[in-house]
Amino acid sequence: MWISETNNQPITKFQASVYKLISRIPSGKISTYQQVARGLKNPRAARAVGNALNRNPFAPEVPCHRIIKSNGAVGGFADGTKKKIAMLRKERVEIKKGKINLDKYLYVFPK
DNA sequence: GTGTTGACCACAG
DNA sequence: GCTGTGGCCAACA
C-alpha cells in the first residue's frame with residue numbers, strides 16, 4: 001500500500017484506483033475528469049477525481065496533466081495551468097485557445 | 001460526526 | 001458566448 005506524503009497516512013482505494021487508471025492513458029492522448037469517474041464506475045465522482053489529483057502524491061509518476069474538463073478546457077493544475085498546457089503540447093496534443101479537440105484526442109477507458 | 005473545500009458537471013437565464 | 005445555481009463525491013479540519 002502507498003503512503004500519502006501530505007498526511008503520512010495510507011491513501012484510500014479511491015485514490016489508488018484513480019492513479020492506476022490514469023497511468024493507462026497513452027502519450028498523445030488525454031481524458032476528462034468525467035471519463036475517469038466513469039472508468040471508476042462512479043460517473044458522478046468527477047469532482048472527487050479532481051480532488052484526488054490535486055493532492056496527487058505521485059507527481060511525475062502519474063500523468064495527471066492528461067486529465068482535462070469534459071468541455072475540452074484544460075482545467076487546473078497544481079503546478080500551474082500553463083505548465084500543464086506546455087506538457088501536453090510536448091506530447092503533440094493540439095490546443096486551441098486553451099481548449100482541446102475531444103473528438104480527436106479523448107481516450108476512452110476500456111470496460 | 002459535522003461542516004467546509006475543491007484540478008468538476010449540467011442546466012438555466 | 002458568459003454567469004449563476006444546484007448537485008455530486010471524497011478528503012480534510
# chains A, B, ... in the order shown; residues from 1 in each chain; ligands from 1
>>> interface_residues(of="chain B", to="chain A", cutoff="10 Å", atoms="only C-alpha atoms (C1' of nucleotides)", output="list in words")
DT5, DG6, DA7, DC8 and DC9 of chain B
>>> write_last_selection(atoms="N, CA and C atoms (P, O5', C5', C4', C3', O3' and C1' of nucleotides)", output="PDB file, in the first residue's frame")
ATOM      1  P    DT B   5     -15.005  26.984   3.399  1.00  0.00           P
ATOM      2  O5'  DT B   5     -14.290  25.964   2.429  1.00  0.00           O
ATOM      3  C5'  DT B   5     -13.025  25.406   2.802  1.00  0.00           C
ATOM      4  C4'  DT B   5     -12.534  24.441   1.734  1.00  0.00           C
ATOM      5  C3'  DT B   5     -12.605  25.005   0.315  1.00  0.00           C
ATOM      6  O3'  DT B   5     -11.306  25.038  -0.239  1.00  0.00           O
ATOM      7  C1'  DT B   5     -13.449  22.786   0.421  1.00  0.00           C
ATOM      8  P    DG B   6     -11.028  25.944  -1.508  1.00  0.00           P
ATOM      9  O5'  DG B   6     -10.966  24.852  -2.671  1.00  0.00           O
ATOM     10  C5'  DG B   6      -9.986  23.820  -2.638  1.00  0.00           C
ATOM     11  C4'  DG B   6     -10.290  22.782  -3.703  1.00  0.00           C
ATOM     12  C3'  DG B   6     -10.597  23.390  -5.082  1.00  0.00           C
ATOM     13  O3'  DG B   6      -9.769  22.823  -6.085  1.00  0.00           O
ATOM     14  C1'  DG B   6     -12.268  21.845  -4.426  1.00  0.00           C
ATOM     15  P    DA B   7      -8.794  23.939  -6.830  1.00  0.00           P
ATOM     16  O5'  DA B   7      -8.702  23.607  -8.401  1.00  0.00           O
ATOM     17  C5'  DA B   7      -8.632  22.817  -8.847  1.00  0.00           C
ATOM     18  C4'  DA B   7      -8.767  22.262 -10.245  1.00  0.00           C
ATOM     19  C3'  DA B   7      -9.758  21.129 -10.269  1.00  0.00           C
ATOM     20  O3'  DA B   7     -10.376  21.089 -11.531  1.00  0.00           O
ATOM     21  C1'  DA B   7      -7.609  20.334 -10.804  1.00  0.00           C
ATOM     22  P    DC B   8     -11.767  21.833 -11.736  1.00  0.00           P
ATOM     23  O5'  DC B   8     -12.765  20.602 -11.553  1.00  0.00           O
ATOM     24  C5'  DC B   8     -12.485  19.291 -11.978  1.00  0.00           C
ATOM     25  C4'  DC B   8     -13.791  18.582 -12.298  1.00  0.00           C
ATOM     26  C3'  DC B   8     -14.469  19.112 -13.560  1.00  0.00           C
ATOM     27  O3'  DC B   8     -14.931  18.027 -14.337  1.00  0.00           O
ATOM     28  C1'  DC B   8     -15.952  19.225 -11.746  1.00  0.00           C
ATOM     29  P    DC B   9     -15.641  18.346 -15.738  1.00  0.00           P
ATOM     30  O5'  DC B   9     -17.171  18.264 -15.303  1.00  0.00           O
ATOM     31  C5'  DC B   9     -17.702  17.023 -14.874  1.00  0.00           C
ATOM     32  C4'  DC B   9     -19.222  17.075 -14.903  1.00  0.00           C
ATOM     33  C3'  DC B   9     -19.790  17.614 -16.213  1.00  0.00           C
ATOM     34  O3'  DC B   9     -20.845  16.794 -16.635  1.00  0.00           O
ATOM     35  C1'  DC B   9     -20.610  18.868 -14.383  1.00  0.00           C
TER      36       DC B   9
END
>>> interface_residues(of="chain C", to="chain A", cutoff="7 Å", atoms="only C-alpha atoms (C1' of nucleotides)", output="mmCIF file with N, CA and C atoms (P, O5', C5', C4', C3', O3' and C1' of nucleotides), in the first residue's frame")
data_model
loop_
_atom_site.group_PDB
_atom_site.id
_atom_site.type_symbol
_atom_site.label_atom_id
_atom_site.label_comp_id
_atom_site.auth_asym_id
_atom_site.auth_seq_id
_atom_site.Cartn_x
_atom_site.Cartn_y
_atom_site.Cartn_z
ATOM 1 P P DC C 8 -27.509 15.083 -5.642
ATOM 2 O "O5'" DC C 8 -26.256 14.225 -6.086
ATOM 3 C "C5'" DC C 8 -25.735 14.219 -7.394
ATOM 4 C "C4'" DC C 8 -24.223 14.043 -7.413
ATOM 5 C "C3'" DC C 8 -23.646 13.348 -6.172
ATOM 6 O "O3'" DC C 8 -23.339 12.004 -6.475
ATOM 7 C "C1'" DC C 8 -22.329 15.254 -6.847
ATOM 8 P P DC C 9 -23.127 10.952 -5.339
ATOM 9 O "O5'" DC C 9 -21.558 11.074 -5.076
ATOM 10 C "C5'" DC C 9 -20.636 10.770 -6.092
ATOM 11 C "C4'" DC C 9 -19.244 11.114 -5.622
ATOM 12 C "C3'" DC C 9 -18.897 10.518 -4.258
ATOM 13 O "O3'" DC C 9 -17.816 9.625 -4.380
ATOM 14 C "C1'" DC C 9 -18.290 12.825 -4.376
ATOM 15 P P DA C 10 -17.448 8.654 -3.152
ATOM 16 O "O5'" DA C 10 -16.120 9.350 -2.633
ATOM 17 C "C5'" DA C 10 -14.981 9.371 -3.477
ATOM 18 C "C4'" DA C 10 -13.943 10.346 -2.935
ATOM 19 C "C3'" DA C 10 -13.375 9.943 -1.574
ATOM 20 O "O3'" DA C 10 -11.972 10.148 -1.578
ATOM 21 C "C1'" DA C 10 -14.219 12.147 -1.474
#
>>> residues_around(residues="B:DT4", least_positions_apart="2", cutoff="12 Å", atoms="only C-alpha atoms (C1' of nucleotides)", output="list in words")
DT2 and DG6 of chain B; DA11, DC12 and DA13 of chain C
>>> atom_distance(atom1="atom CA of A:Met1", atom2="atom CA of A:Val62")
16.1 Å
>>> select_by_dssp(residues="chain A", states="strand (DSSP E)", output="number ranges by chain")
A: 31-32, 67-68, 95-96, 99-100
>>> write_last_selection(atoms="all heavy atoms", output="compact mmCIF listing (two decimals), in the first residue's frame")
# COMPACT_ATOMS: atom_id res chain seq x y z
N SER A 31 -7.72 12.61 -21.38
CA SER A 31 -9.05 12.18 -20.94
C SER A 31 -9.64 13.26 -20.04
O SER A 31 -8.97 14.20 -19.68
CB SER A 31 -8.95 10.85 -20.22
OG SER A 31 -10.24 10.35 -19.98
N THR A 32 -10.89 13.09 -19.70
CA THR A 32 -11.56 14.08 -18.87
C THR A 32 -11.81 13.53 -17.47
O THR A 32 -11.79 12.32 -17.25
CB THR A 32 -12.91 14.47 -19.48
OG1 THR A 32 -13.81 13.38 -19.36
CG2 THR A 32 -12.75 14.84 -20.94
N ILE A 67 -5.40 14.95 -17.86
CA ILE A 67 -6.81 14.99 -17.47
C ILE A 67 -7.32 16.41 -17.59
O ILE A 67 -6.77 17.33 -16.99
CB ILE A 67 -6.98 14.50 -16.03
CG1 ILE A 67 -6.30 13.15 -15.84
CG2 ILE A 67 -8.45 14.39 -15.70
CD1 ILE A 67 -6.84 12.06 -16.73
N ILE A 68 -8.38 16.58 -18.36
CA ILE A 68 -8.95 17.92 -18.56
C ILE A 68 -10.44 17.89 -18.28
O ILE A 68 -11.00 16.85 -17.98
CB ILE A 68 -8.71 18.40 -20.00
CG1 ILE A 68 -9.43 17.48 -20.98
CG2 ILE A 68 -7.23 18.43 -20.31
CD1 ILE A 68 -9.43 18.00 -22.39
N ILE A 95 -3.70 22.33 -28.91
CA ILE A 95 -4.56 23.09 -28.00
C ILE A 95 -4.92 24.42 -28.64
O ILE A 95 -4.05 25.20 -29.01
CB ILE A 95 -3.85 23.33 -26.66
CG1 ILE A 95 -3.49 21.97 -26.02
CG2 ILE A 95 -4.74 24.13 -25.73
CD1 ILE A 95 -2.69 22.09 -24.76
N LYS A 96 -6.20 24.67 -28.79
CA LYS A 96 -6.66 25.91 -29.40
C LYS A 96 -7.34 26.78 -28.35
O LYS A 96 -8.36 26.41 -27.81
CB LYS A 96 -7.66 25.59 -30.51
CG LYS A 96 -7.05 24.76 -31.62
CD LYS A 96 -8.06 24.51 -32.74
CE LYS A 96 -7.37 23.77 -33.87
NZ LYS A 96 -8.25 23.59 -35.03
N LYS A 99 -8.26 25.24 -25.27
CA LYS A 99 -9.17 24.09 -25.34
C LYS A 99 -8.61 23.00 -26.25
O LYS A 99 -7.83 23.27 -27.16
CB LYS A 99 -10.54 24.53 -25.83
CG LYS A 99 -11.26 25.37 -24.81
CD LYS A 99 -12.75 25.40 -25.11
CE LYS A 99 -13.47 26.17 -24.02
NZ LYS A 99 -14.92 26.23 -24.29
N ILE A 100 -9.07 21.79 -26.02
CA ILE A 100 -8.59 20.63 -26.77
C ILE A 100 -9.75 19.99 -27.54
O ILE A 100 -10.88 19.94 -27.03
CB ILE A 100 -7.97 19.60 -25.82
CG1 ILE A 100 -6.75 20.21 -25.11
CG2 ILE A 100 -7.57 18.34 -26.58
CD1 ILE A 100 -6.12 19.28 -24.10
>>> residues_around(residues="C:DG4", least_positions_apart="4", cutoff="12 Å", atoms="only C-alpha atoms (C1' of nucleotides)", output="mmCIF file with all heavy atoms, in the first residue's frame")
data_model
loop_
_atom_site.group_PDB
_atom_site.id
_atom_site.type_symbol
_atom_site.label_atom_id
_atom_site.label_comp_id
_atom_site.auth_asym_id
_atom_site.auth_seq_id
_atom_site.Cartn_x
_atom_site.Cartn_y
_atom_site.Cartn_z
ATOM 1 P P DC B 11 -27.770 18.691 -19.139
ATOM 2 O OP1 DC B 11 -28.752 17.631 -19.429
ATOM 3 O OP2 DC B 11 -26.860 19.209 -20.173
ATOM 4 O "O5'" DC B 11 -28.542 19.929 -18.492
ATOM 5 C "C5'" DC B 11 -29.127 19.784 -17.195
ATOM 6 C "C4'" DC B 11 -29.619 21.141 -16.696
ATOM 7 O "O4'" DC B 11 -28.504 21.935 -16.269
ATOM 8 C "C3'" DC B 11 -30.351 21.954 -17.772
ATOM 9 O "O3'" DC B 11 -31.522 22.516 -17.202
ATOM 10 C "C2'" DC B 11 -29.341 23.023 -18.132
ATOM 11 C "C1'" DC B 11 -28.629 23.231 -16.803
ATOM 12 N N1 DC B 11 -27.296 23.840 -16.926
ATOM 13 C C2 DC B 11 -26.942 24.895 -16.078
ATOM 14 O O2 DC B 11 -27.757 25.291 -15.232
ATOM 15 N N3 DC B 11 -25.727 25.468 -16.196
ATOM 16 C C4 DC B 11 -24.873 25.005 -17.118
ATOM 17 N N4 DC B 11 -23.680 25.598 -17.197
ATOM 18 C C5 DC B 11 -25.200 23.935 -17.978
ATOM 19 C C6 DC B 11 -26.415 23.378 -17.851
ATOM 20 P P DA B 12 -32.657 23.099 -18.215
ATOM 21 O OP1 DA B 12 -33.910 22.376 -17.892
ATOM 22 O OP2 DA B 12 -32.154 23.155 -19.603
ATOM 23 O "O5'" DA B 12 -32.789 24.600 -17.674
ATOM 24 C "C5'" DA B 12 -32.964 24.813 -16.270
ATOM 25 C "C4'" DA B 12 -32.599 26.261 -15.893
ATOM 26 O "O4'" DA B 12 -31.183 26.497 -16.034
ATOM 27 C "C3'" DA B 12 -33.313 27.308 -16.741
ATOM 28 O "O3'" DA B 12 -33.867 28.290 -15.885
ATOM 29 C "C2'" DA B 12 -32.194 27.871 -17.622
ATOM 30 C "C1'" DA B 12 -30.978 27.717 -16.729
ATOM 31 N N9 DA B 12 -29.712 27.580 -17.442
ATOM 32 C C8 DA B 12 -29.371 26.648 -18.383
ATOM 33 N N7 DA B 12 -28.138 26.756 -18.819
ATOM 34 C C5 DA B 12 -27.633 27.836 -18.120
ATOM 35 C C6 DA B 12 -26.385 28.465 -18.125
ATOM 36 N N6 DA B 12 -25.367 28.081 -18.896
ATOM 37 N N1 DA B 12 -26.208 29.535 -17.304
ATOM 38 C C2 DA B 12 -27.229 29.926 -16.531
ATOM 39 N N3 DA B 12 -28.443 29.414 -16.431
ATOM 40 C C4 DA B 12 -28.586 28.355 -17.268
ATOM 41 P P DG B 13 -34.868 29.402 -16.523
ATOM 42 O OP1 DG B 13 -35.800 29.741 -15.437
ATOM 43 O OP2 DG B 13 -35.362 28.926 -17.824
ATOM 44 O "O5'" DG B 13 -33.900 30.647 -16.785
ATOM 45 C "C5'" DG B 13 -33.444 31.424 -15.678
ATOM 46 C "C4'" DG B 13 -32.570 32.564 -16.175
ATOM 47 O "O4'" DG B 13 -31.325 32.036 -16.691
ATOM 48 C "C3'" DG B 13 -33.214 33.362 -17.306
ATOM 49 O "O3'" DG B 13 -33.086 34.757 -17.050
ATOM 50 C "C2'" DG B 13 -32.398 32.972 -18.532
ATOM 51 C "C1'" DG B 13 -31.041 32.681 -17.923
ATOM 52 N N9 DG B 13 -30.204 31.799 -18.720
ATOM 53 C C8 DG B 13 -30.577 30.679 -19.413
ATOM 54 N N7 DG B 13 -29.595 30.098 -20.054
ATOM 55 C C5 DG B 13 -28.494 30.896 -19.774
ATOM 56 C C6 DG B 13 -27.142 30.771 -20.191
ATOM 57 O O6 DG B 13 -26.638 29.905 -20.915
ATOM 58 N N1 DG B 13 -26.359 31.780 -19.673
ATOM 59 C C2 DG B 13 -26.801 32.786 -18.859
ATOM 60 N N2 DG B 13 -25.893 33.667 -18.465
ATOM 61 N N3 DG B 13 -28.075 32.924 -18.458
ATOM 62 C C4 DG B 13 -28.852 31.938 -18.952
#
>>> atom_distance(atom1="atom CA of A:Leu40", atom2="atom CA of A:Ile11")
16.2 Å
>>> residues_around(residues="A:Leu21", least_positions_apart="6", cutoff="9 Å", atoms="only C-alpha atoms (C1' of nucleotides)", output="list of chain:residue names")
A:Val36, A:Gly39, A:Leu40, A:Phe109
>>> write_last_selection(atoms="N, CA and C atoms", output="PDB file, in the first residue's frame")
ATOM      1  N   VAL A  36     -12.679   9.582 -16.368  1.00  0.00           N
ATOM      2  CA  VAL A  36     -12.012   8.858 -15.295  1.00  0.00           C
ATOM      3  C   VAL A  36     -13.048   8.362 -14.287  1.00  0.00           C
ATOM      4  N   GLY A  39     -14.699   5.464 -15.612  1.00  0.00           N
ATOM      5  CA  GLY A  39     -13.847   4.284 -15.533  1.00  0.00           C
ATOM      6  C   GLY A  39     -13.857   3.668 -14.148  1.00  0.00           C
ATOM      7  N   LEU A  40     -14.111   4.508 -13.150  1.00  0.00           N
ATOM      8  CA  LEU A  40     -14.172   4.014 -11.770  1.00  0.00           C
ATOM      9  C   LEU A  40     -15.566   3.543 -11.414  1.00  0.00           C
ATOM     10  N   PHE A 109     -11.570   4.821 -21.650  1.00  0.00           N
ATOM     11  CA  PHE A 109     -11.093   3.638 -20.943  1.00  0.00           C
ATOM     12  C   PHE A 109     -11.893   2.409 -21.357  1.00  0.00           C
TER      13      PHE A 109
END
